[in-house]
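Text of model_12.pdb, listed as PDB, C-alpha atoms, pLDDT in the B column:
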ATOM      1  CA  MET G   3      27.583  63.862 133.299  1.00 52.00           C
ATOM      2  CA  GLN G   4      28.607  63.172 129.749  1.00 58.00           C
ATOM      3  CA  SER G   5      26.993  66.319 128.338  1.00 60.00           C
ATOM      4  CA  LYS G   6      29.541  68.520 130.078  1.00 64.00           C
ATOM      5  CA  THR G   7      32.408  66.978 128.190  1.00 71.00           C
ATOM      6  CA  GLN G   8      30.657  67.241 124.820  1.00 79.00           C
ATOM      7  CA  ARG G   9      30.158  70.975 124.693  1.00 83.00           C
ATOM      8  CA  PRO G  10      30.615  72.579 121.278  1.00 82.00           C
ATOM      9  CA  VAL G  11      34.118  73.772 120.625  1.00 83.00           C
ATOM     10  CA  PHE G  12      34.628  77.196 119.047  1.00 82.00           C
ATOM     11  CA  LEU G  13      37.100  77.112 116.198  1.00 79.00           C
ATOM     12  CA  ASP G  14      38.121  80.552 114.994  1.00 76.00           C
ATOM     13  CA  LEU G  15      38.266  79.732 111.284  1.00 73.00           C
ATOM     14  CA  GLN G  16      38.601  83.395 110.350  1.00 69.00           C
ATOM     15  CA  VAL G  17      42.345  83.150 111.006  1.00 69.00           C
ATOM     16  CA  LEU G  18      42.622  80.719 108.098  1.00 66.00           C
ATOM     17  CA  THR G  19      41.596  83.404 105.592  1.00 63.00           C
ATOM     18  CA  PRO G  20      43.365  86.511 106.801  1.00 57.00           C
ATOM     19  CA  ARG G  21      43.176  88.493 103.562  1.00 72.00           C
ATOM     20  CA  LEU G  22      40.164  89.367 101.456  1.00 76.00           C
ATOM     21  CA  PRO G  23      40.008  86.886  98.540  1.00 84.00           C
ATOM     22  CA  LEU G  24      39.828  88.226  94.988  1.00 89.00           C
ATOM     23  CA  VAL G  25      36.304  86.863  94.524  1.00 89.00           C
ATOM     24  CA  ALA G  26      35.179  88.834  97.588  1.00 90.00           C
ATOM     25  CA  ILE G  27      36.751  92.026  96.226  1.00 90.00           C
ATOM     26  CA  LEU G  28      34.900  91.401  92.957  1.00 92.00           C
ATOM     27  CA  SER G  29      31.600  90.955  94.789  1.00 91.00           C
ATOM     28  CA  ILE G  30      32.112  94.243  96.657  1.00 93.00           C
ATOM     29  CA  LEU G  31      33.123  96.031  93.435  1.00 95.00           C
ATOM     30  CA  ASN G  32      30.001  94.716  91.691  1.00 95.00           C
ATOM     31  CA  ARG G  33      27.876  96.347  94.380  1.00 95.00           C
ATOM     32  CA  ALA G  34      29.935  99.544  94.524  1.00 96.00           C
ATOM     33  CA  THR G  35      29.793 100.050  90.748  1.00 97.00           C
ATOM     34  CA  GLY G  36      26.062  99.259  90.838  1.00 96.00           C
ATOM     35  CA  VAL G  37      25.410 101.933  93.460  1.00 97.00           C
ATOM     36  CA  LEU G  38      27.556 104.428  91.531  1.00 97.00           C
ATOM     37  CA  MET G  39      25.500 103.804  88.380  1.00 97.00           C
ATOM     38  CA  PHE G  40      22.242 104.097  90.342  1.00 97.00           C
ATOM     39  CA  LEU G  41      23.340 107.473  91.711  1.00 96.00           C
ATOM     40  CA  SER G  42      24.538 108.598  88.268  1.00 97.00           C
ATOM     41  CA  ALA G  43      21.330 107.646  86.454  1.00 96.00           C
ATOM     42  CA  PRO G  44      19.403 110.880  87.216  1.00 96.00           C
ATOM     43  CA  VAL G  45      22.369 112.957  85.998  1.00 96.00           C
ATOM     44  CA  LEU G  46      22.556 110.940  82.780  1.00 97.00           C
ATOM     45  CA  ILE G  47      18.819 111.316  82.166  1.00 97.00           C
ATOM     46  CA  TRP G  48      19.134 115.055  82.818  1.00 97.00           C
ATOM     47  CA  LEU G  49      21.972 115.153  80.257  1.00 97.00           C
ATOM     48  CA  LEU G  50      19.834 113.236  77.740  1.00 96.00           C
ATOM     49  CA  GLY G  51      17.044 115.756  78.173  1.00 96.00           C
ATOM     50  CA  VAL G  52      19.336 118.780  77.834  1.00 96.00           C
ATOM     51  CA  SER G  53      21.120 117.317  74.786  1.00 96.00           C
ATOM     52  CA  LEU G  54      17.768 116.851  73.010  1.00 95.00           C
ATOM     53  CA  ASP G  55      16.501 120.330  73.888  1.00 93.00           C
ATOM     54  CA  GLY G  56      17.423 122.002  70.601  1.00 93.00           C
ATOM     55  CA  PRO G  57      20.888 122.860  69.163  1.00 95.00           C
ATOM     56  CA  ALA G  58      21.633 125.157  72.131  1.00 96.00           C
ATOM     57  CA  GLY G  59      20.837 122.335  74.556  1.00 96.00           C
ATOM     58  CA  PHE G  60      23.088 119.935  72.656  1.00 96.00           C
ATOM     59  CA  ASP G  61      25.964 122.424  72.957  1.00 96.00           C
ATOM     60  CA  ARG G  62      25.211 122.911  76.660  1.00 96.00           C
ATOM     61  CA  ALA G  63      25.368 119.147  77.277  1.00 96.00           C
ATOM     62  CA  ALA G  64      28.641 118.893  75.340  1.00 94.00           C
ATOM     63  CA  GLN G  65      30.045 121.849  77.293  1.00 95.00           C
ATOM     64  CA  PHE G  66      29.042 120.234  80.603  1.00 96.00           C
ATOM     65  CA  LEU G  67      30.857 117.003  79.674  1.00 94.00           C
ATOM     66  CA  ASP G  68      33.985 118.982  78.736  1.00 93.00           C
ATOM     67  CA  GLY G  69      34.415 120.121  82.345  1.00 93.00           C
ATOM     68  CA  PHE G  70      37.147 118.429  84.386  1.00 94.00           C
ATOM     69  CA  LEU G  71      34.929 117.014  87.140  1.00 96.00           C
ATOM     70  CA  ALA G  72      32.293 115.859  84.649  1.00 96.00           C
ATOM     71  CA  SER G  73      34.982 114.194  82.519  1.00 94.00           C
ATOM     72  CA  LEU G  74      36.379 112.443  85.587  1.00 95.00           C
ATOM     73  CA  TRP G  75      32.875 111.313  86.585  1.00 96.00           C
ATOM     74  CA  LEU G  76      32.143 110.039  83.072  1.00 95.00           C
ATOM     75  CA  PHE G  77      35.468 108.186  82.974  1.00 96.00           C
ATOM     76  CA  VAL G  78      34.808 106.432  86.297  1.00 97.00           C
ATOM     77  CA  LEU G  79      31.260 105.701  85.124  1.00 97.00           C
ATOM     78  CA  ILE G  80      32.477 104.087  81.884  1.00 97.00           C
ATOM     79  CA  TRP G  81      34.809 101.885  83.925  1.00 97.00           C
ATOM     80  CA  ALA G  82      31.955 101.057  86.316  1.00 97.00           C
ATOM     81  CA  VAL G  83      29.623 100.043  83.466  1.00 98.00           C
ATOM     82  CA  ALA G  84      32.318  97.897  81.820  1.00 97.00           C
ATOM     83  CA  HIS G  85      33.370  96.276  85.083  1.00 97.00           C
ATOM     84  CA  HIS G  86      29.783  95.601  86.176  1.00 97.00           C
ATOM     85  CA  MET G  87      29.005  94.089  82.755  1.00 97.00           C
ATOM     86  CA  PHE G  88      32.005  91.716  82.787  1.00 97.00           C
ATOM     87  CA  SER G  89      31.242  90.888  86.399  1.00 96.00           C
ATOM     88  CA  GLY G  90      27.648  90.127  85.422  1.00 95.00           C
ATOM     89  CA  ILE G  91      28.724  87.903  82.531  1.00 95.00           C
ATOM     90  CA  ARG G  92      30.888  86.002  85.043  1.00 95.00           C
ATOM     91  CA  PHE G  93      27.865  85.534  87.308  1.00 92.00           C
ATOM     92  CA  LEU G  94      25.802  84.290  84.345  1.00 92.00           C
ATOM     93  CA  LEU G  95      28.526  81.768  83.523  1.00 93.00           C
ATOM     94  CA  ILE G  96      28.637  80.616  87.153  1.00 92.00           C
ATOM     95  CA  ASP G  97      24.833  80.157  86.932  1.00 90.00           C
ATOM     96  CA  ILE G  98      25.321  77.642  84.120  1.00 91.00           C
ATOM     97  CA  ASP G  99      28.075  75.916  86.124  1.00 87.00           C
ATOM     98  CA  VAL G 100      31.028  77.494  84.319  1.00 86.00           C
ATOM     99  CA  GLY G 101      33.870  78.604  86.588  1.00 84.00           C
ATOM    100  CA  VAL G 102      32.342  77.497  89.873  1.00 86.00           C
ATOM    101  CA  GLU G 103      35.430  75.740  91.226  1.00 88.00           C
ATOM    102  CA  LYS G 104      37.632  77.840  93.477  1.00 84.00           C
ATOM    103  CA  GLU G 105      40.658  77.967  91.199  1.00 86.00           C
ATOM    104  CA  GLN G 106      38.612  78.858  88.090  1.00 88.00           C
ATOM    105  CA  ALA G 107      36.506  81.374  90.032  1.00 88.00           C
ATOM    106  CA  GLN G 108      39.672  83.178  91.108  1.00 88.00           C
ATOM    107  CA  LYS G 109      41.026  83.133  87.579  1.00 90.00           C
ATOM    108  CA  THR G 110      37.824  84.558  86.037  1.00 92.00           C
ATOM    109  CA  ALA G 111      37.675  87.165  88.830  1.00 93.00           C
ATOM    110  CA  LEU G 112      41.104  88.368  87.736  1.00 94.00           C
ATOM    111  CA  TRP G 113      39.972  88.411  84.084  1.00 94.00           C
ATOM    112  CA  VAL G 114      36.995  90.600  84.990  1.00 95.00           C
ATOM    113  CA  LEU G 115      39.253  93.081  86.809  1.00 95.00           C
ATOM    114  CA  VAL G 116      41.685  93.178  83.880  1.00 96.00           C
ATOM    115  CA  ALA G 117      38.916  93.500  81.248  1.00 96.00           C
ATOM    116  CA  GLY G 118      37.286  96.387  83.127  1.00 96.00           C
ATOM    117  CA  GLY G 119      40.656  98.078  83.506  1.00 96.00           C
ATOM    118  CA  ALA G 120      41.365  97.535  79.797  1.00 96.00           C
ATOM    119  CA  VAL G 121      38.141  99.291  78.775  1.00 96.00           C
ATOM    120  CA  ALA G 122      39.065 102.204  81.058  1.00 96.00           C
ATOM    121  CA  ALA G 123      42.575 102.346  79.581  1.00 95.00           C
ATOM    122  CA  ILE G 124      41.271 102.249  75.987  1.00 94.00           C
ATOM    123  CA  THR G 125      38.802 105.031  76.834  1.00 93.00           C
ATOM    124  CA  LEU G 126      41.598 107.161  78.287  1.00 92.00           C
ATOM    125  CA  ILE G 127      43.825 106.575  75.250  1.00 92.00           C
ATOM    126  CA  GLY G 128      40.897 107.323  72.908  1.00 87.00           C
ATOM    127  CA  VAL G 129      40.195 110.628  74.656  1.00 84.00           C
ATOM    128  CA  MET G 130      43.848 111.672  74.537  1.00 82.00           C
ATOM    129  CA  LEU G 131      44.373 110.841  70.857  1.00 78.00           C
TER     130      LEU G 131
ATOM    131  CA  MET A  14       6.653  95.202  94.586  1.00 48.00           C
ATOM    132  CA  SER A  15       9.118  93.691  97.063  1.00 55.00           C
ATOM    133  CA  ARG A  16       6.898  90.649  97.519  1.00 60.00           C
ATOM    134  CA  GLN A  17       6.765  90.099  93.780  1.00 55.00           C
ATOM    135  CA  ALA A  18      10.496  90.563  93.402  1.00 53.00           C
ATOM    136  CA  ALA A  19      11.283  88.060  96.130  1.00 67.00           C
ATOM    137  CA  GLY A  20      13.542  85.079  95.616  1.00 80.00           C
ATOM    138  CA  MET A  21      13.511  83.195  92.344  1.00 86.00           C
ATOM    139  CA  ARG A  22      11.598  85.840  90.416  1.00 88.00           C
ATOM    140  CA  ALA A  23      14.076  88.555  91.365  1.00 89.00           C
ATOM    141  CA  TRP A  24      16.939  86.238  90.452  1.00 89.00           C
ATOM    142  CA  ILE A  25      15.522  85.556  86.965  1.00 92.00           C
ATOM    143  CA  LEU A  26      14.496  89.189  86.461  1.00 92.00           C
ATOM    144  CA  GLN A  27      18.024  90.341  87.338  1.00 94.00           C
ATOM    145  CA  ARG A  28      19.524  88.053  84.711  1.00 94.00           C
ATOM    146  CA  ILE A  29      17.100  88.836  81.882  1.00 95.00           C
ATOM    147  CA  THR A  30      17.337  92.603  82.430  1.00 97.00           C
ATOM    148  CA  GLY A  31      21.120  92.331  82.849  1.00 96.00           C
ATOM    149  CA  ALA A  32      21.489  90.558  79.502  1.00 96.00           C
ATOM    150  CA  TYR A  33      19.316  93.140  77.721  1.00 97.00           C
ATOM    151  CA  ILE A  34      21.149  96.059  79.360  1.00 97.00           C
ATOM    152  CA  ALA A  35      24.490  94.551  78.281  1.00 97.00           C
ATOM    153  CA  LEU A  36      23.324  94.328  74.647  1.00 97.00           C
ATOM    154  CA  PHE A  37      22.080  97.917  74.649  1.00 98.00           C
ATOM    155  CA  VAL A  38      25.277  99.175  76.323  1.00 97.00           C
ATOM    156  CA  ILE A  39      27.337  97.446  73.619  1.00 96.00           C
ATOM    157  CA  TYR A  40      25.190  99.221  71.000  1.00 97.00           C
ATOM    158  CA  LEU A  41      25.719 102.557  72.810  1.00 96.00           C
ATOM    159  CA  ALA A  42      29.475 101.971  73.067  1.00 95.00           C
ATOM    160  CA  GLY A  43      29.611 101.243  69.336  1.00 95.00           C
ATOM    161  CA  LEU A  44      27.523 104.312  68.530  1.00 95.00           C
ATOM    162  CA  PHE A  45      29.652 106.716  70.581  1.00 92.00           C
ATOM    163  CA  THR A  46      32.930 105.131  69.479  1.00 91.00           C
ATOM    164  CA  PHE A  47      32.377 104.811  65.731  1.00 92.00           C
ATOM    165  CA  ALA A  48      29.498 107.171  64.927  1.00 90.00           C
ATOM    166  CA  ALA A  49      29.462 109.752  67.714  1.00 90.00           C
ATOM    167  CA  PRO A  50      26.704 112.322  67.046  1.00 90.00           C
ATOM    168  CA  ALA A  51      28.389 115.566  66.029  1.00 90.00           C
ATOM    169  CA  ASP A  52      25.439 117.938  66.287  1.00 94.00           C
ATOM    170  CA  TYR A  53      21.849 118.230  67.472  1.00 95.00           C
ATOM    171  CA  ALA A  54      20.344 117.276  64.095  1.00 94.00           C
ATOM    172  CA  GLY A  55      22.195 113.959  63.952  1.00 94.00           C
ATOM    173  CA  TRP A  56      21.690 113.160  67.622  1.00 95.00           C
ATOM    174  CA  SER A  57      17.955 113.885  67.700  1.00 94.00           C
ATOM    175  CA  ALA A  58      17.432 111.973  64.439  1.00 94.00           C
ATOM    176  CA  THR A  59      19.181 108.954  65.963  1.00 94.00           C
ATOM    177  CA  VAL A  60      17.122 109.032  69.165  1.00 95.00           C
ATOM    178  CA  ALA A  61      13.891 109.735  67.268  1.00 94.00           C
ATOM    179  CA  SER A  62      14.184 106.681  65.025  1.00 94.00           C
ATOM    180  CA  PRO A  63      11.496 104.198  66.134  1.00 94.00           C
ATOM    181  CA  ALA A  64      13.978 101.358  66.669  1.00 96.00           C
ATOM    182  CA  VAL A  65      16.125 103.456  69.030  1.00 96.00           C
ATOM    183  CA  THR A  66      13.152 104.986  70.878  1.00 96.00           C
ATOM    184  CA  ILE A  67      11.580 101.572  71.519  1.00 96.00           C
ATOM    185  CA  THR A  68      14.805  99.783  72.473  1.00 97.00           C
ATOM    186  CA  ALA A  69      15.811 102.746  74.672  1.00 97.00           C
ATOM    187  CA  MET A  70      12.419 102.619  76.452  1.00 97.00           C
ATOM    188  CA  LEU A  71      13.001  98.912  77.125  1.00 97.00           C
ATOM    189  CA  PHE A  72      16.539  99.760  78.273  1.00 98.00           C
ATOM    190  CA  PHE A  73      15.312 102.308  80.840  1.00 97.00           C
ATOM    191  CA  LEU A  74      12.650  99.876  82.063  1.00 97.00           C
ATOM    192  CA  SER A  75      15.307  97.151  82.416  1.00 97.00           C
ATOM    193  CA  VAL A  76      17.660  99.483  84.289  1.00 98.00           C
ATOM    194  CA  LEU A  77      14.835 100.524  86.616  1.00 97.00           C
ATOM    195  CA  LEU A  78      14.021  96.899  87.499  1.00 97.00           C
ATOM    196  CA  HIS A  79      17.687  95.810  87.638  1.00 97.00           C
ATOM    197  CA  ALA A  80      18.622  98.707  89.943  1.00 97.00           C
ATOM    198  CA  TRP A  81      15.642  97.994  92.184  1.00 96.00           C
ATOM    199  CA  VAL A  82      16.592  94.327  92.690  1.00 95.00           C
ATOM    200  CA  GLY A  83      20.263  95.228  93.201  1.00 95.00           C
ATOM    201  CA  VAL A  84      19.774  98.088  95.641  1.00 96.00           C
ATOM    202  CA  ARG A  85      17.142  96.059  97.506  1.00 94.00           C
ATOM    203  CA  ASP A  86      19.667  93.207  97.938  1.00 93.00           C
ATOM    204  CA  ILE A  87      22.211  95.667  99.346  1.00 94.00           C
ATOM    205  CA  ALA A  88      19.617  97.248 101.678  1.00 94.00           C
ATOM    206  CA  ILE A  89      18.591  93.817 102.994  1.00 92.00           C
ATOM    207  CA  ASP A  90      22.240  92.972 103.687  1.00 92.00           C
ATOM    208  CA  TYR A  91      23.355  96.194 105.363  1.00 91.00           C
ATOM    209  CA  LEU A  92      20.284  97.912 106.802  1.00 91.00           C
ATOM    210  CA  GLY A  93      19.224  95.717 109.693  1.00 86.00           C
ATOM    211  CA  HIS A  94      16.739  98.157 111.185  1.00 89.00           C
ATOM    212  CA  THR A  95      13.376  97.498 109.497  1.00 91.00           C
ATOM    213  CA  GLY A  96      12.141 101.088 109.627  1.00 94.00           C
ATOM    214  CA  LEU A  97      15.402 102.461 108.277  1.00 93.00           C
ATOM    215  CA  ARG A  98      15.423  99.878 105.477  1.00 94.00           C
ATOM    216  CA  LEU A  99      11.827 100.652 104.569  1.00 94.00           C
ATOM    217  CA  ALA A 100      12.545 104.396 104.495  1.00 95.00           C
ATOM    218  CA  ALA A 101      15.678 103.945 102.366  1.00 95.00           C
ATOM    219  CA  LEU A 102      13.908 101.632  99.910  1.00 96.00           C
ATOM    220  CA  THR A 103      10.996 104.051  99.639  1.00 96.00           C
ATOM    221  CA  VAL A 104      13.403 106.831  98.648  1.00 96.00           C
ATOM    222  CA  VAL A 105      15.104 104.476  96.159  1.00 96.00           C
ATOM    223  CA  ALA A 106      11.760 103.442  94.643  1.00 97.00           C
ATOM    224  CA  LEU A 107      10.721 107.086  94.258  1.00 97.00           C
ATOM    225  CA  ILE A 108      14.037 107.991  92.600  1.00 96.00           C
ATOM    226  CA  LEU A 109      13.754 105.030  90.206  1.00 97.00           C
ATOM    227  CA  LEU A 110      10.112 105.659  89.327  1.00 97.00           C
ATOM    228  CA  GLY A 111      10.771 109.379  88.890  1.00 97.00           C
ATOM    229  CA  SER A 112      13.803 108.657  86.694  1.00 97.00           C
ATOM    230  CA  GLY A 113      11.811 106.189  84.599  1.00 97.00           C
ATOM    231  CA  ILE A 114       8.943 108.604  84.010  1.00 97.00           C
ATOM    232  CA  TRP A 115      11.420 111.410  83.275  1.00 96.00           C
ATOM    233  CA  ALA A 116      13.295 109.254  80.724  1.00 97.00           C
ATOM    234  CA  ALA A 117      10.036 108.149  79.071  1.00 96.00           C
ATOM    235  CA  LYS A 118       8.927 111.774  78.845  1.00 95.00           C
ATOM    236  CA  ILE A 119      12.207 112.761  77.160  1.00 95.00           C
ATOM    237  CA  LEU A 120      12.056 109.877  74.696  1.00 94.00           C
ATOM    238  CA  LEU A 121       8.390 110.308  73.814  1.00 92.00           C
ATOM    239  CA  LEU A 122       7.755 114.041  74.082  1.00 87.00           C
ATOM    240  CA  THR A 123      11.044 115.894  73.582  1.00 78.00           C
ATOM    241  CA  VAL A 124      12.125 113.885  70.555  1.00 74.00           C
ATOM    242  CA  HIS A 125       8.753 113.228  68.948  1.00 71.00           C
ATOM    243  CA  SER A 126       7.242 116.684  69.222  1.00 66.00           C
TER     244      SER A 126
END
Could you show the structure in this file as structure tokens?
Amino acid sequence: MQSKTQRPVFLDLQVLTPRLPLVAILSILNRATGVLMFLSAPVLIWLLGVSLDGPAGFDRAAQFLDGFLASLWLFVLIWAVAHHMFSGIRFLLIDIDVGVEKEQAQKTALWVLVAGGAVAAITLIGVML
Amino acid sequence: MSRQAAGMRAWILQRITGAYIALFVIYLAGLFTFAAPADYAGWSATVASPAVTITAMLFFLSVLLHAWVGVRDIAIDYLGHTGLRLAALTVVALILLGSGIWAAKILLLTVHS
């Protein structure tokens, strides 16, 4: 009975990659920022409508954005847009075979994280100045 | 819509809309950074200019399509139950269509009235 000795062997390869790689974190962040923007879209459209509803509406929209929670939301949203955009540019480059290799892919993943963070930092500095 | 957005078409659509959205976002970032509208008169004049109204309409259409493909991908990955997935995607489609019509109404009626 040769078949008995040739049963498939289960190799638990998960143990070889114990931590979440940077490229995986980037993939998750791309989705998370995408969902955040999807959920924010109706609020932004509402704001657009209010801001264009006469001078009083414009002031109301500006007043809304001055609130702490709204400011925090807008700040996170600006980071999300920037991060998602850099992440998307990285995907476009991978599509045309740029940065496909593991080492490069990890390097560009780090660049995307840094670039998104830089936009957020510049925004914060700009608001405070 | 899901049948049309399947596979290769969705992949291409996601990239074309993504590129256009990126260009418009860069324009928006420049506008709000270097020429932020100070009052209603300036803001409404900016939005009412034909170039901005048309490119903004295309932007909202792109976002609608881009969000649909993206959220649909996520739903396919995480919502295994067919009925649940269908229900969730129906809600998403309604939100996106409603948002699109709402945005078009603002751009066409509020500004150009």
Item to check | Matched chain/residue IDs from the PyMOL selection byres ((chain G) within 8 of (chain A)), as number ranges by chain | outcome: G: 33, 36-37, 40, 43-44, 47, 50-51, 53-57, 60, 87, 90, 94
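Here atom CA of Met39 of chain G and atom CA of Leu79 of chain G stand 6.9 Å from one another.
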Checklist outcome for this item: For Ile80 of chain G, the closest of G:Leu22, G:Ala123, G:Ile98, G:Leu28 counting all atoms listed in the file is G:Ala123
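Counting from atom CA of Ala111 of chain G, the distance to atom CA of Trp24 of chain A is 20.8 Å.
Separating atom CA of Lys109 of chain G from atom CA of Asp97 of chain G is a distance of 16.5 Å.
Counting all atoms listed in the file and comparing G:Ala34, G:Ile91, G:Ala82, G:Leu13, the residue that lies closest to Ala120 of chain G is G:Ala82.
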